[in-house]
Every structure is written in C-alpha cells, then in structure tokens.
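Notes follow once the structure below has been shown.
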Amino acid sequence: MEKVNVAVIGAGSLANAVHYPSLAEFDDVEIAAICDLNEERLKKTAEKFQVERTYKDYKKMVSEVDVDAVYIIMPPHHLFDLVIHCLKSKLNVFIEKPPGVVAEQTRNMALTAEKNDCLTMVGFNRRFIPVMVEAKRLVEERGPILQCAATFYKNSIGAGPYYDGAIDILSCDAVHAVDTLRWIGGEVTAVASDIRKLHADYDNSFNALLKFENGGTGFLLTNWVVGKRVHTFEMHAKGISAFVDANDKAVIYSDNKEEGQILKTQEVAGSPENHKFYGFYGENRHFIDCVEQKQMPDTNFADAFKTMELVGRIYGSQIGI
C-alpha cells in the first residue's frame, strides 16, 4: 500500500487542531475527502489542508470515495449511527473519545467491527504521549507497577453539564484518567468509589480506589470545581517512582536518591507543538501503521469497551449508598 486514503467526517476545532495536522504530515497518507454540515468550516478546512473533495452528506462521501479508513470526529451523542454505517461499509474507523455515550454503544460498535472485519481505534491520546510512554518504560524496567494514580482537576464552576446533559463528565472527559489507569495498572478486579455533586445539580467529582489483577493499587482523583486544570499521573514500582505532568515534565526518583531524573515533555517528543508532545500525532501514527500492517490498534473498540465498562463499575461501586 503506497498511501492510506483517508476520509474525515468533522471539521471542527479539535479535528483542525490535532488530527488534520497529523495526517497532513504523514507521507503515506492522502486525505481524500472531508465532510461537515457547516459550509464555512468545511471550506476553510479543505483549503487549509488542500483537500479537493468535500461533502455535506457522509453517506454520499463514503459511497463515492475509495478510502481505506474514515475518521469520525464528532460529539459523542452524534457518533453512533455514523460509526455503524461506516463499519457496515467495511471501512476501518478512527473516533475520538468517548466511544459513545454509554458502554452498550461501545460494545455494539465493537461487535459490528468484528462482524465486518474492520480495524478500529479510539483516540485515548494519553497512552501515546511520548513522555508518558518513556516514564512508564523506565518504571517497568524495575518490575511490575505496584501503585499508580491519575488526577484530573478542572474549574468548571457554573459551566453546566457536558453537551447540555447529553453525557456525563466521567464518561465524556474524565474517562481519559480512567483509561490511563487501565493502561498503567492493567485490568481491574475490584472498585470502591465516591461520586458527588459539588456546587452543581450533576455529578462532577469522581474518586475511586482500584485493585488490579496483578495485585497493584490504583487511585482515580477527579473534581471539576477546584482551582484550575491539573492533570497528572504517578507510577510506582520497586525502588522507582514517576511523577508526570504531561504538559511539562516527568520526574523519575529511584533508589532513595534526592535528585530525580527530569524528562522534559517537549524534548522527549522532539517538538514544541501540542499535537506532537501531547500524544495526538502518536495515536494517528499508530492507527495508520495498523491499517498498513492490517493489525488491530491498541485502543480498539473492544478495548475501549473495557474502559467504558470500568466507568460503569465506578458508578456502581459507590461507598455509603
């Protein structure tokens, strides 16, 4: 395969910030067509990335354009029908997180992909952040991870629920922290959680204690009414610890030494551009490589179902209820 022909459904801000720039840089990718209902966004994106074929009807696009894969970058409550149609058209599919509104949508997308022999991927970009990958590698060189934590804090006071309540915060956004804990610690055998409504009439604080199959422990710490956005991770193995702020750096402490090894985020990624140092470039590269090699991506729909299923377990394991 000389080039992977890709069609993209969606020309919004996220797609333009991270996915189109990544795909445009790949010598082995051709953006064959794009689709969006918004005429102005469609035209602007097509001109910026030199895409000749544009559509407002995604069904028409995938029926007329010969492509190897489709990117569907849509809000979660608009996603399901488009994904199912493309999978039934035998197309490989990349979507952003979350993979649907609820786990049942994700499960059915995974089943449809399997029935139609399609490769699939969900954009859980934290797994592809270069400094995160390197920190995890260094920790795991010492042995299995014994303990890990993911924090995700935001100040969204008065902002209202996501998409006017179409989806909850944990499934839509804090799911990043949930998925990263699975990536770091492995599959989960037990959960105890505390979920609260803080200064709002919807759930906006999610904290959980996780037990992993390997005996390790994980901590989920999220809250949407704090001082500012803070998104950090911890990974601990015997004699070594990594503290990661993927926007800035990772600090690796080992063998009781006072000074830690500092890994600067942009230096590890080799770029100051957000889409490169924050994992978007890497996740796109992984998907394209898998399409070329006909291998299932790591964050495929079946794997994403496990993350969405864990979200459900966090809701169902609340203490004091």
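Identifiers in this document derive from the order of the structure tokens: chains are assigned A, B, ..., residues are numbered from 1 separately in each chain, and ligands are numbered from 1 in order of occurrence.
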
**OP:** Enumerate, as a PyMOL selection string, the complete set of residues in stretch 216-269 of chain A that a backbone-based DSSP assignment places in helix (DSSP H, G or I).
**Re:** chain A and resi 265-269

What are the closest atom pairs, with distances in Å to one decimal, for all residues of stretch 65-178 of chain A lying within 12 Å of stretch 182-195 of chain A? Consider only C-alpha atoms, order rows by chain and residue number, and present the result as JSON lines.
```
{"residue": "A:Phe124", "atom": "CA", "partner": "A:Trp183", "partner_atom": "CA", "distance": 10.1}
{"residue": "A:Asn125", "atom": "CA", "partner": "A:Trp183", "partner_atom": "CA", "distance": 11.4}
{"residue": "A:Arg126", "atom": "CA", "partner": "A:Trp183", "partner_atom": "CA", "distance": 9.4}
{"residue": "A:Arg127", "atom": "CA", "partner": "A:Trp183", "partner_atom": "CA", "distance": 7.1}
{"residue": "A:Phe128", "atom": "CA", "partner": "A:Trp183", "partner_atom": "CA", "distance": 10.6}
{"residue": "A:Met132", "atom": "CA", "partner": "A:Ile184", "partner_atom": "CA", "distance": 9.9}
{"residue": "A:Val133", "atom": "CA", "partner": "A:Ile184", "partner_atom": "CA", "distance": 9.8}
{"residue": "A:Ala135", "atom": "CA", "partner": "A:Ile184", "partner_atom": "CA", "distance": 10.6}
{"residue": "A:Lys136", "atom": "CA", "partner": "A:Ile184", "partner_atom": "CA", "distance": 7.4}
{"residue": "A:Arg137", "atom": "CA", "partner": "A:Ile184", "partner_atom": "CA", "distance": 10.3}
{"residue": "A:Val139", "atom": "CA", "partner": "A:Ile184", "partner_atom": "CA", "distance": 10.4}
{"residue": "A:Glu140", "atom": "CA", "partner": "A:Ile184", "partner_atom": "CA", "distance": 9.7}
{"residue": "A:Pro144", "atom": "CA", "partner": "A:Gly185", "partner_atom": "CA", "distance": 8.7}
{"residue": "A:Ile145", "atom": "CA", "partner": "A:Gly185", "partner_atom": "CA", "distance": 6.5}
{"residue": "A:Leu146", "atom": "CA", "partner": "A:Gly185", "partner_atom": "CA", "distance": 8.0}
{"residue": "A:Gln147", "atom": "CA", "partner": "A:Gly185", "partner_atom": "CA", "distance": 7.5}
{"residue": "A:Cys148", "atom": "CA", "partner": "A:Gly185", "partner_atom": "CA", "distance": 6.8}
{"residue": "A:Ala149", "atom": "CA", "partner": "A:Ile184", "partner_atom": "CA", "distance": 9.0}
{"residue": "A:Ala150", "atom": "CA", "partner": "A:Ile184", "partner_atom": "CA", "distance": 9.7}
{"residue": "A:Ile169", "atom": "CA", "partner": "A:Ile195", "partner_atom": "CA", "distance": 11.3}
{"residue": "A:Leu170", "atom": "CA", "partner": "A:Ile195", "partner_atom": "CA", "distance": 9.9}
{"residue": "A:Val175", "atom": "CA", "partner": "A:Arg182", "partner_atom": "CA", "distance": 10.6}
{"residue": "A:His176", "atom": "CA", "partner": "A:Arg182", "partner_atom": "CA", "distance": 10.1}
{"residue": "A:Ala177", "atom": "CA", "partner": "A:Arg182", "partner_atom": "CA", "distance": 8.8}
{"residue": "A:Val178", "atom": "CA", "partner": "A:Arg182", "partner_atom": "CA", "distance": 6.6}
```

So that I have them on file, write out the residues from the current selection with N, CA and C atoms, as a compact mmCIF listing (two decimals), in the first residue's frame.
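Full text of selection.txt as output:
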```
# COMPACT_ATOMS: atom_id res chain seq x y z
N PHE A 124 -7.60 7.68 22.68
CA PHE A 124 -7.14 7.87 24.06
C PHE A 124 -5.68 8.29 24.00
N ASN A 125 -5.46 9.58 23.76
CA ASN A 125 -4.13 10.08 23.42
C ASN A 125 -3.13 10.01 24.56
N ARG A 126 -3.60 9.92 25.82
CA ARG A 126 -2.63 9.89 26.93
C ARG A 126 -1.70 8.70 26.81
N ARG A 127 -2.16 7.60 26.24
CA ARG A 127 -1.32 6.42 26.08
C ARG A 127 -0.19 6.65 25.08
N PHE A 128 -0.29 7.70 24.28
CA PHE A 128 0.68 7.94 23.21
C PHE A 128 1.53 9.19 23.46
N MET A 132 4.98 10.22 28.69
CA MET A 132 4.27 9.19 29.46
C MET A 132 4.79 7.80 29.11
N VAL A 133 4.96 7.55 27.83
CA VAL A 133 5.45 6.25 27.36
C VAL A 133 6.84 5.98 27.92
N ALA A 135 8.30 7.39 30.64
CA ALA A 135 8.25 7.24 32.09
C ALA A 135 7.77 5.84 32.47
N LYS A 136 6.75 5.35 31.79
CA LYS A 136 6.23 4.00 32.05
C LYS A 136 7.30 2.95 31.75
N ARG A 137 8.02 3.14 30.67
CA ARG A 137 9.08 2.18 30.31
C ARG A 137 10.15 2.12 31.39
N VAL A 139 9.92 2.91 34.58
CA VAL A 139 9.41 2.32 35.82
C VAL A 139 9.30 0.80 35.67
N GLU A 140 8.78 0.35 34.56
CA GLU A 140 8.55 -1.09 34.38
C GLU A 140 9.84 -1.87 34.16
N PRO A 144 7.01 -4.96 37.95
CA PRO A 144 5.60 -4.59 37.77
C PRO A 144 5.22 -3.36 38.58
N ILE A 145 4.29 -2.60 38.04
CA ILE A 145 3.81 -1.39 38.73
C ILE A 145 2.97 -1.81 39.94
N LEU A 146 3.36 -1.30 41.10
CA LEU A 146 2.71 -1.65 42.36
C LEU A 146 1.56 -0.71 42.70
N GLN A 147 1.69 0.53 42.26
CA GLN A 147 0.70 1.55 42.60
C GLN A 147 0.75 2.64 41.54
N CYS A 148 -0.41 3.18 41.21
CA CYS A 148 -0.47 4.27 40.24
C CYS A 148 -1.65 5.18 40.57
N ALA A 149 -1.59 6.38 40.04
CA ALA A 149 -2.66 7.35 40.29
C ALA A 149 -2.84 8.23 39.06
N ALA A 150 -4.08 8.65 38.84
CA ALA A 150 -4.39 9.61 37.79
C ALA A 150 -5.25 10.70 38.40
N ILE A 169 -19.81 13.69 32.83
CA ILE A 169 -18.42 14.11 32.81
C ILE A 169 -17.46 12.93 32.86
N LEU A 170 -17.75 11.93 33.69
CA LEU A 170 -16.84 10.79 33.82
C LEU A 170 -16.72 10.03 32.50
N VAL A 175 -12.93 10.19 31.56
CA VAL A 175 -12.63 8.85 31.04
C VAL A 175 -11.16 8.74 30.62
N HIS A 176 -10.52 9.85 30.27
CA HIS A 176 -9.10 9.84 29.97
C HIS A 176 -8.30 9.28 31.14
N ALA A 177 -8.63 9.74 32.35
CA ALA A 177 -7.91 9.28 33.54
C ALA A 177 -8.21 7.81 33.81
N VAL A 178 -9.45 7.40 33.59
CA VAL A 178 -9.84 6.01 33.80
C VAL A 178 -9.08 5.10 32.83
```

Requested in this report: Would you mind telling me which residue in A:Gly320, A:Gly216, A:Gly227, A:Gly312 lies nearest to A:Glu104 when using only C-alpha atoms?
Outcome: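 Closest to A:Glu104, using only C-alpha atoms: A:Gly312.
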
Q) Using the chain letters and numbers from this document, which residues of stretch 80-165 of chain A does DSSP assign to strand (DSSP E or B), as a list of chain:residue names? A)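 Those in stretch 80-165 of chain A that DSSP calls strand (DSSP E or B) are A:Asn92, A:Val93, A:Phe94, A:Ile95, A:Glu96, A:Thr120, A:Met121, A:Val122, A:Gly123, A:Gln147, A:Cys148, A:Ala149, A:Ala150, A:Thr151, A:Phe152, A:Tyr153, A:Lys154, A:Asn155.
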
Near-A:Met61 list (10 Å; only C-alpha atoms; drop same-chain fewer than 2 positions) as a short mmCIF file (atom, residue, chain, number, x, y, z; two decimals) with N, CA and C atoms, in the first residue's frame:
```
data_model
loop_
_atom_site.label_atom_id
_atom_site.label_comp_id
_atom_site.auth_asym_id
_atom_site.auth_seq_id
_atom_site.Cartn_x
_atom_site.Cartn_y
_atom_site.Cartn_z
N ALA A 7 -10.76 9.42 4.67
CA ALA A 7 -11.82 10.42 4.65
C ALA A 7 -12.06 10.86 6.08
N VAL A 8 -12.41 12.12 6.26
CA VAL A 8 -12.63 12.65 7.61
C VAL A 8 -14.03 13.24 7.69
N ILE A 9 -14.81 12.78 8.67
CA ILE A 9 -16.12 13.35 8.96
C ILE A 9 -15.94 14.26 10.16
N ALA A 32 -8.39 12.12 1.32
CA ALA A 32 -9.09 12.05 0.04
C ALA A 32 -10.35 12.90 0.01
N ALA A 33 -11.01 13.05 1.16
CA ALA A 33 -12.26 13.81 1.20
C ALA A 33 -12.59 14.15 2.64
N ILE A 34 -13.35 15.23 2.82
CA ILE A 34 -13.82 15.60 4.16
C ILE A 34 -15.29 15.98 4.09
N CYS A 35 -15.94 15.87 5.24
CA CYS A 35 -17.37 16.12 5.32
C CYS A 35 -17.70 16.91 6.57
N ARG A 53 -12.01 17.16 -2.51
CA ARG A 53 -13.38 16.63 -2.47
C ARG A 53 -14.01 16.92 -1.11
N THR A 54 -15.13 17.63 -1.12
CA THR A 54 -15.83 17.97 0.11
C THR A 54 -17.29 17.56 0.00
N TYR A 55 -17.86 17.20 1.14
CA TYR A 55 -19.24 16.72 1.19
C TYR A 55 -19.95 17.26 2.43
N LYS A 56 -21.27 17.33 2.33
CA LYS A 56 -22.10 17.61 3.49
C LYS A 56 -22.90 16.38 3.90
N ASP A 57 -22.85 15.35 3.09
CA ASP A 57 -23.55 14.08 3.35
C ASP A 57 -22.48 12.99 3.48
N TYR A 58 -22.29 12.47 4.69
CA TYR A 58 -21.22 11.50 4.91
C TYR A 58 -21.51 10.18 4.20
N LYS A 59 -22.77 9.78 4.07
CA LYS A 59 -23.10 8.54 3.39
C LYS A 59 -22.72 8.63 1.91
N SER A 63 -19.66 6.42 0.00
CA SER A 63 -20.08 5.58 -1.14
C SER A 63 -19.36 5.97 -2.43
N GLU A 64 -18.93 7.23 -2.53
CA GLU A 64 -18.32 7.72 -3.77
C GLU A 64 -16.79 7.71 -3.75
N VAL A 65 -16.20 7.83 -2.57
CA VAL A 65 -14.75 7.98 -2.48
C VAL A 65 -14.14 6.66 -2.01
N ASP A 66 -13.13 6.21 -2.73
CA ASP A 66 -12.43 4.97 -2.38
C ASP A 66 -11.42 5.26 -1.28
N VAL A 67 -11.74 4.84 -0.05
CA VAL A 67 -10.86 5.12 1.08
C VAL A 67 -10.57 3.83 1.86
#
```

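Between atom CA of A:Thr45 and atom CA of A:Glu30 lies a distance of 14.7 Å.
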
I want to know what sits within 12 Å of stretch 205-208 of chain A, based on only C-alpha atoms, with residues of the same chain fewer than 6 positions away left out; could you give that as a PyMOL selection string? chain A and resi 149-157+168-171+173-175+177-178+181+188+190-199+217-226+310-311+313-319

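The nearest approach to A:Asn108 among the residues A:Val93, A:Glu309, A:Ala302, A:Ala269, with only C-alpha atoms taken into account, belongs to A:Ala302.
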
_Could you list, as a PyMOL selection string, every residue within 6 Å of stretch 237-243 of chain A, counting only C-alpha atoms and ignoring same-chain residues fewer than 5 positions away?_
chain A and resi 145-146+250-255

Taken to one decimal, the atom CA of A:Leu138-atom CA of A:Asn300 distance is 25.4 Å

- prompt: Leaving out stretch 68-84 of chain A and any residue of its chain fewer than 4 positions from it, which residues lie within 9 Å of it when counting only C-alpha atoms, given as an MDAnalysis selection string?
  reply: chainID A and resid 4:12 14:15 19 58:59 62 88:89 91:101 105:106 108:109 112:113 119 163 166:167 172 288 291
